[in-house]
Each structure stands twice: as C-alpha cells, then as structure tokens.
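Everything on this sheet refers to the single structure shown next.
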Amino acid sequence: MHFVPRGRALLALCSLSFVLLGCNNAGSSTDSNQANRASRLDRAARRNADPTKPVSLEVFAPGDGDHAGIDGVSWFLDLDLDFPGDIKSTGFVAPQLTGPGVHANAAPFPGAAAPGKDDRFGGLVVLFSTTIAGAKSCQNVAGLMNITGVTDVAVDGTEIWDTWIIAAPGFGRRTASTLYVAEIADLNHDGIYNDAPDVVPDANNDGKCDASDLEALGTSSNLERVDFFIR
C-alpha cells in the first residue's frame, strides 16, 4: 500500500473540485507548514545527490506492485518534479486543468490533451510498455496529463506537480505494465527544460523503448521505473 502525503492529497482534491465547489481551510496550516519544510529538505537532498541530474523527480502513483484502476481506467499517474532554477527554466509555460473531449482547451486553465509532448510542460517524457496507440512503447504520452501547476518557488529552485487520471483503456486491461518517466536534458542548451520529443527514438533498434532509450536521448533527472498491474 502506498500513501500520498496528507498535504499533497488535500491539494489534489482541491485542484479537482475548485471549479465547482472551491476549497477553503483544508487541513491544519501547522501540519501543512511542517510538511512543506520537510519536503523542501527532501527535494534539496535528492537534487544534490547527483550533480549530473539536476532535476529531482518522484512518482507518487502508481507504485511498484500496485494493482491499479478498474477495467483499464480510473488509475492515476502522479508526479513531483523539483528544478534548480526559476519557473521559466522548468519548461512550464502555463497551468493546465484539461482532459479528453469537452475538457480539452477549456477554461479556466486550458491545455491540449493528446499523446506527444505536453504543450504546457515541455520537458517531460512518460512511457508505458503497454501503450496501444501511436508509436506504442516509444510514444511519449506526457501530453495527456490533466493537472499541472507550480507548487513552490524558492530561492534554490521551483517545484512542479503533474497529475493524470486515466480515462480510457489505452494501456491495456488486466495486464502487467511498466512505466518510465524522466525529465529530458536541455538538448538545445537554451537554459530551458522543454526538449522532450513526441516519440522517443528507439536507440538500440530492439523494437521497444525503455530506460536505455531515455538515457541515450539524455535526461536531466533521475529516471523512474514502476512495474505495476492494470486491473
């Protein structure tokens, strides 16, 4: 069982419900402040652990060994990324609250909802071994993320949260799957992490994309792998 920190869970619920209901005074401010301080220390430690990977990435869901969703849908991808620079350097250009159909490019925070590079957060690559459409395991599906926002701006960096509830069985039903997530390196050296491709090149020509292909492309973060089961 994998537990999401209380402050993150509350904020996620607020983000999903604010359009209809708003969200006020959720939880104790003391608890929130303590959690934020601890989070900053954790992020700084992760970011300094490997100077060749200046971006720190953490996957909250799915977790290793999870049996996620119902009939291929209703499961989450939930990420935290911590960057060493300002907001512009992260590749984040605008908040988004988006999704398929009528939810795409809709107020108050429009964003595209399609496979490929995320138009609001252009450095992230998300791969699933069981992707059905497009380039399959080489298809970057970061453009399908639902909620993206800036959760902390400090003197030593910027934190971005990115969340997605899977609404279509595009990654299979009742099957084992592997998730690979990474922030791509600043490939054009312009100081902005926004160089993720729509499709990851199959560097070793083995007919699939995985961690080795992401490393060959070049990453600025730790590369996270999660083995889980889609119910």
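Residues are named by chain letter and number: chains run A, B, ... in the order of the structure tokens, numbers start at 1 in each chain, and ligands are numbered from 1 in the order shown.
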Taking the backbone alone, and naming residues the way the document does, which bits of region 28-223 of chain A are helix (DSSP H, G or I) by DSSP, as a ChimeraX atom specification?
-> /A:29-49,88-90,101-103,136-138,142-144,211-217
Identify, on the basis of only C-alpha atoms, every residue whose closest approach to Gly191 (chain A) does not exceed 10 Å; exclude the query and any residue fewer than 6 positions from it along the same chain; express the result as an MDAnalysis selection string.
-> chainID A and resid 85 88:91 185
Please indicate the distance in Å from CA of Ile230 (chain A) to CA of Ala68 (chain A), rounded to one decimal place.
-> 5.1 Å
Report as a VMD selection string: the residues of region 7-231 of chain A with a DSSP assignment of strand (DSSP E or B), based on the backbone of this structure.
-> chain A and resid 55 to 61 67 to 68 70 73 76 to 83 92 96 to 97 121 124 to 128 139 147 to 154 157 to 165 175 to 184 199 219 221 224 to 230
Please provide as number ranges by chain all residues within 9 Å of Tyr180 (chain A), with the sequence filter that same-chain residues fewer than 4 positions apart are discarded (counting only C-alpha atoms).
-> A: 125-129, 210-211, 214, 223-226
How many Å lie between CA of Ile192 (chain A) and CA of Leu124 (chain A), rounded to one decimal?
->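 Atom-to-atom, CA of Ile192 (chain A) to CA of Leu124 (chain A), that is 12.0 Å.
Residues surrounding Ile165 (chain A) within 10 Å are Gly69, Val73, Ser74, Trp75, Phe76, Leu77, Asp78, Gly99, Leu144, Met145, Asn146 and Ile147 of chain A [only C-alpha atoms; sequence separation below 6 positions excluded].
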So which one's closest to Asp186 (chain A), A:Ala133, A:Ala49, A:Val93, A:Val55? Using only C-alpha atoms, please.
->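 Nearest to Asp186 (chain A): A:Val55.
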Could you give me, as a CSV table (one decimal) with N, CA and C atoms, in the first residue's frame, the residues within 10 Å of region 57-62 of chain A, counting only C-alpha atoms and dropping anything in the same chain fewer than 5 positions from it?
```csv
chain,number,residue,atom,x,y,z
A,2,HIS,N,0.5,2.2,-0.8
A,2,HIS,CA,1.3,3.4,-1.0
A,2,HIS,C,0.5,4.6,-0.5
A,3,PHE,N,1.0,5.4,0.4
A,3,PHE,CA,0.3,6.5,1.0
A,3,PHE,C,0.8,7.9,0.4
A,4,VAL,N,-0.1,8.7,0.0
A,4,VAL,CA,0.3,10.0,-0.5
A,4,VAL,C,0.3,11.0,0.7
A,5,PRO,N,1.3,11.8,0.8
A,5,PRO,CA,1.4,12.7,2.0
A,5,PRO,C,0.1,13.6,2.1
A,8,ARG,N,-0.3,16.8,0.0
A,8,ARG,CA,-0.5,16.6,-1.4
A,8,ARG,C,-1.9,16.1,-1.7
A,43,ARG,N,13.7,17.5,-1.2
A,43,ARG,CA,13.9,17.8,-2.6
A,43,ARG,C,15.4,18.3,-2.8
A,46,ARG,N,17.7,15.3,-2.7
A,46,ARG,CA,17.6,14.5,-3.9
A,46,ARG,C,18.3,15.2,-5.1
A,47,ARG,N,18.1,16.5,-5.2
A,47,ARG,CA,18.7,17.3,-6.3
A,47,ARG,C,20.2,17.3,-6.2
A,67,HIS,N,-1.9,-2.8,-8.1
A,67,HIS,CA,-3.0,-3.3,-9.0
A,67,HIS,C,-4.0,-2.1,-9.2
A,68,ALA,N,-3.8,-1.3,-10.2
A,68,ALA,CA,-4.4,0.0,-10.3
A,68,ALA,C,-5.6,0.0,-11.3
A,69,GLY,N,-6.6,0.8,-10.9
A,69,GLY,CA,-7.7,1.0,-11.8
A,69,GLY,C,-8.8,0.0,-11.8
A,75,TRP,N,-7.2,5.0,-13.0
A,75,TRP,CA,-6.0,5.0,-12.2
A,75,TRP,C,-5.2,6.2,-12.4
A,76,PHE,N,-4.2,6.5,-11.6
A,76,PHE,CA,-3.5,7.8,-11.6
A,76,PHE,C,-2.1,7.7,-11.9
A,77,LEU,N,-1.6,8.7,-12.6
A,77,LEU,CA,-0.1,9.0,-12.7
A,77,LEU,C,0.0,10.3,-12.0
A,78,ASP,N,0.9,10.3,-10.9
A,78,ASP,CA,1.0,11.5,-10.1
A,78,ASP,C,2.5,11.7,-9.8
A,79,LEU,N,3.0,12.9,-10.2
A,79,LEU,CA,4.4,13.2,-10.2
A,79,LEU,C,4.7,14.5,-9.5
A,80,ASP,N,6.0,14.6,-9.0
A,80,ASP,CA,6.5,15.8,-8.4
A,80,ASP,C,7.9,16.0,-9.1
A,81,LEU,N,8.2,17.2,-9.6
A,81,LEU,CA,9.5,17.5,-10.1
A,81,LEU,C,10.0,18.7,-9.5
A,82,ASP,N,11.3,18.7,-9.1
A,82,ASP,CA,12.0,19.8,-8.5
A,82,ASP,C,13.1,20.3,-9.3
A,83,PHE,N,13.1,21.5,-9.7
A,83,PHE,CA,14.1,22.1,-10.6
A,83,PHE,C,15.1,23.1,-9.9
A,159,GLU,N,9.3,23.9,-7.8
A,159,GLU,CA,8.6,22.6,-7.8
A,159,GLU,C,7.4,22.6,-8.6
A,160,ILE,N,7.2,21.6,-9.5
A,160,ILE,CA,6.0,21.4,-10.3
A,160,ILE,C,5.4,20.1,-10.0
A,161,TRP,N,4.0,20.1,-9.9
A,161,TRP,CA,3.3,18.9,-9.7
A,161,TRP,C,2.5,18.6,-11.0
A,162,ASP,N,2.4,17.3,-11.3
A,162,ASP,CA,1.8,16.9,-12.6
A,162,ASP,C,1.0,15.7,-12.3
A,163,THR,N,-0.3,15.7,-12.7
A,163,THR,CA,-1.2,14.6,-12.3
A,163,THR,C,-2.1,14.2,-13.5
A,164,TRP,N,-2.5,13.0,-13.5
A,164,TRP,CA,-3.3,12.5,-14.6
A,164,TRP,C,-4.2,11.3,-14.1
A,179,LEU,N,6.0,1.6,-16.3
A,179,LEU,CA,6.1,3.0,-16.5
A,179,LEU,C,7.6,3.5,-16.5
A,181,VAL,N,9.5,7.3,-16.5
A,181,VAL,CA,9.3,8.7,-16.5
A,181,VAL,C,10.7,9.4,-16.3
A,182,ALA,N,10.9,10.5,-17.0
A,182,ALA,CA,12.1,11.3,-16.9
A,182,ALA,C,11.9,12.7,-17.4
A,183,GLU,N,12.7,13.6,-16.9
A,183,GLU,CA,12.8,14.9,-17.5
A,183,GLU,C,13.9,14.9,-18.4
A,220,SER,N,17.7,14.9,-17.6
A,220,SER,CA,18.2,15.9,-16.6
A,220,SER,C,17.8,15.5,-15.2
A,221,SER,N,17.0,14.4,-15.1
A,221,SER,CA,16.5,13.9,-13.8
A,221,SER,C,16.9,12.5,-13.6
A,222,ASN,N,16.6,12.0,-12.4
A,222,ASN,CA,16.6,10.5,-12.2
A,222,ASN,C,15.6,9.9,-13.1
A,223,LEU,N,15.8,8.7,-13.5
A,223,LEU,CA,14.8,8.0,-14.4
A,223,LEU,C,14.1,7.0,-13.5
A,224,GLU,N,12.7,7.2,-13.4
A,224,GLU,CA,11.9,6.4,-12.6
A,224,GLU,C,11.2,5.3,-13.4
A,225,ARG,N,11.3,4.1,-12.9
A,225,ARG,CA,10.7,2.9,-13.4
A,225,ARG,C,9.7,2.3,-12.4
A,226,VAL,N,8.5,2.0,-12.8
A,226,VAL,CA,7.5,1.5,-11.9
A,226,VAL,C,6.9,0.3,-12.7
A,227,ASP,N,6.9,-0.9,-12.0
A,227,ASP,CA,6.3,-2.1,-12.5
A,227,ASP,C,5.0,-2.3,-11.8
A,228,PHE,N,3.9,-2.3,-12.5
A,228,PHE,CA,2.6,-2.4,-11.8
A,228,PHE,C,1.6,-3.2,-12.7
A,229,PHE,N,0.4,-3.4,-12.2
A,229,PHE,CA,-0.6,-4.2,-12.9
A,229,PHE,C,-1.8,-3.3,-13.2
A,230,ILE,N,-2.3,-3.3,-14.4
A,230,ILE,CA,-3.5,-2.5,-14.7
A,230,ILE,C,-4.7,-3.5,-14.6
```
Just how far from CA of Ala203 (chain A) is CA of Gly63 (chain A), in Å to one decimal?
-> 27.1 Å
